[in-house]
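Notes follow once the structure below has been shown.
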Amino acid sequence: MRAAVMRSQRLVVADLPSPEPGPGEVLVRTLACGICGSDLHALKHAERFVEASRRAGSVFTMDLARDVVMGHEFCAEIVDHGPGTTRALKAGTRVCSRPSLVRPDGPRTVGYSNDTPGGYAEYMRLTEALLLEVPSGLPTEHAALTEPMAVGLHAVAKARLEPDDAPLVIGCGPVGLAVIAALRLARAGPIVAADFSARRRDLATATGADVVVDPAWTTPWQSWRETAVWRDAGRAPALPPWVAGPPLRPAVVFECVGVPGVLDQIMAAAPRGSRVVVVGVCMEPDTIYPMLGVSKELNLQFVLGYTPDEFAATLRHIAEGAIAVAPLVTGKVGVEGVAGAFEALASPALHAKILVEPWRA
């Protein structure tokens with residue numbers, strides 16, 4: 001099979017043996033697979049990625065001396081069933097799945113493994129019990145966005161939103177857009193979102209943001225304060241006499257950038273008592289000043305992935321139109337175009353989500 005392979009921290013096209021499904025597994029044909037920001041980071045910071053996984057006690061590791069086929073945001077078609085499968089979903093059925101193989105000796109990650117190829121290849125093997133049938137009528141390219149949009153749903157769930165909370169999203173790349181869509185689904189708002197890229201600000205509006213800010217011209221916090229004033233002043237908490245200005249609703253800030261320095265900036269600017277949800281994946285060492293958090297009694301919540309129920313719910317929300325994903329698809333490539341797509345995604349002015357279609361000529 002043809003695949004885009006991470007080899008010596010470069011992406012090359014190679015012919016590999018097609019995977020064989022084991023007990024309880026199915027062979028699938030990859031129809032579309034999104035390029036995730038985590039994949040960009042994993043290629044650039046591969047050694048740090050592996051070391052951080054080991055330090056965290058992760059069950060998976062990558063041997064960087066061997067090939068890795070990335071890709072974990074996919075929609076695929078069942079080709080064949082391995083031994084011990086129920087065959088409840090027939091060959092030809094389109095499916096999505098959490099990117100994991102469930103095996104007796106522990107889970108295997110699809111897309112960050114030397115032995116379990118991801119969606120940048122023509123074929124994958126998946127665990128039958130994790131498969132979700134794609135609803136009839138849902139475009140394949142939209143179904144492929146189930147995984148990244150589920151990340152936003154999980155982040156908002158972890159934020160433990162209250163009715164009076166005022167959200168602020170810092171960064172409107174694919175992660176930030178997923179958070180915005182999930183906030184809209186949760187009817188939280190007004191949703192303030194900030195990004196330097198005009199393209200991403202437009203996508204934030206299309207995804208559900210109420211106010212979009214260019215930090216080069218306006219501080220996101222000023223726009224947030226304007227929207228966070230209590231509509232019903234009678235419900236606002238009393239402020240000490242030395243605090244100027246109107247009382248503001250509680251701040252819930254979503255860090256969706258994932259580069260060093262951003263979290264520290266948020267902690268310095270956030271109002272007292274803010275909840276900060278860290279969704280961006282920073283794979284480099286970073287510095288924060290705990291005293292900022294102590295003096296303001298900030299709450300930091302780091303998030304990863306999603307639950308099985310959140311993944312299934314996201315597919316359903318996309319199929320029902322409750323989560324709009326069409327604006328996010330800004331490009332498509334075959335396996336030969338993956339390396340170029342990684343380079344293009346380095347510029348936020350061009351793309352949101354590029355899909356890999358391995359069978360594309």
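Simple scheme: letters A, B, ... for chains in structure tokens order, numbers from 1 for residues in each chain, numbers from 1 for ligands in the order shown.
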* Got a sec: who's within 12 Å of Glu51 in chain A, counting only C-alpha atoms, leaving out chain neighbours fewer than 4 positions off, as a ChimeraX atom specification? -> /A:42,45-47,55-58,60-64,283-285
* Run DSSP on the backbone and give me the residues of range 32-156 of chain A it puts in alpha helix (DSSP H), as number ranges by chain. => A: 37-44, 46-55, 140-143, 146-156
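Take CA of Pro348 in chain A and CA of Gly111 in chain A: the distance between them is 23.8 Å.
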* To do: Might you pull out every residue within 10 Å of range 101-110 of chain A, with only C-alpha atoms counted and same-chain residues fewer than 3 positions away left off, and present them as a ChimeraX atom specification?
  => /A:22-25,59-61,69-73,97-98,113-119,124-130
* Which residue of A:Phe49, A:Arg54, A:Tyr112, A:Arg29 approaches Arg94 in chain A most closely, using only C-alpha atoms ->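 Result for the nearest residue to Arg94 in chain A: A:Arg29.
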* To do: Would you return as a VMD selection string the members of range 22-164 of chain A that DSSP assigns to strand (DSSP E or B) on this structure's backbone?
  => chain A and resid 25 to 34 68 73 to 81 94 to 96 100 to 103 106 to 109 121 123 to 127 132 to 133
* Would you mind telling me which residue in A:Gly340, A:Pro99, A:Gly34, A:Gly321 lies nearest to Pro308 in chain A when using only C-alpha atoms? => A:Pro99
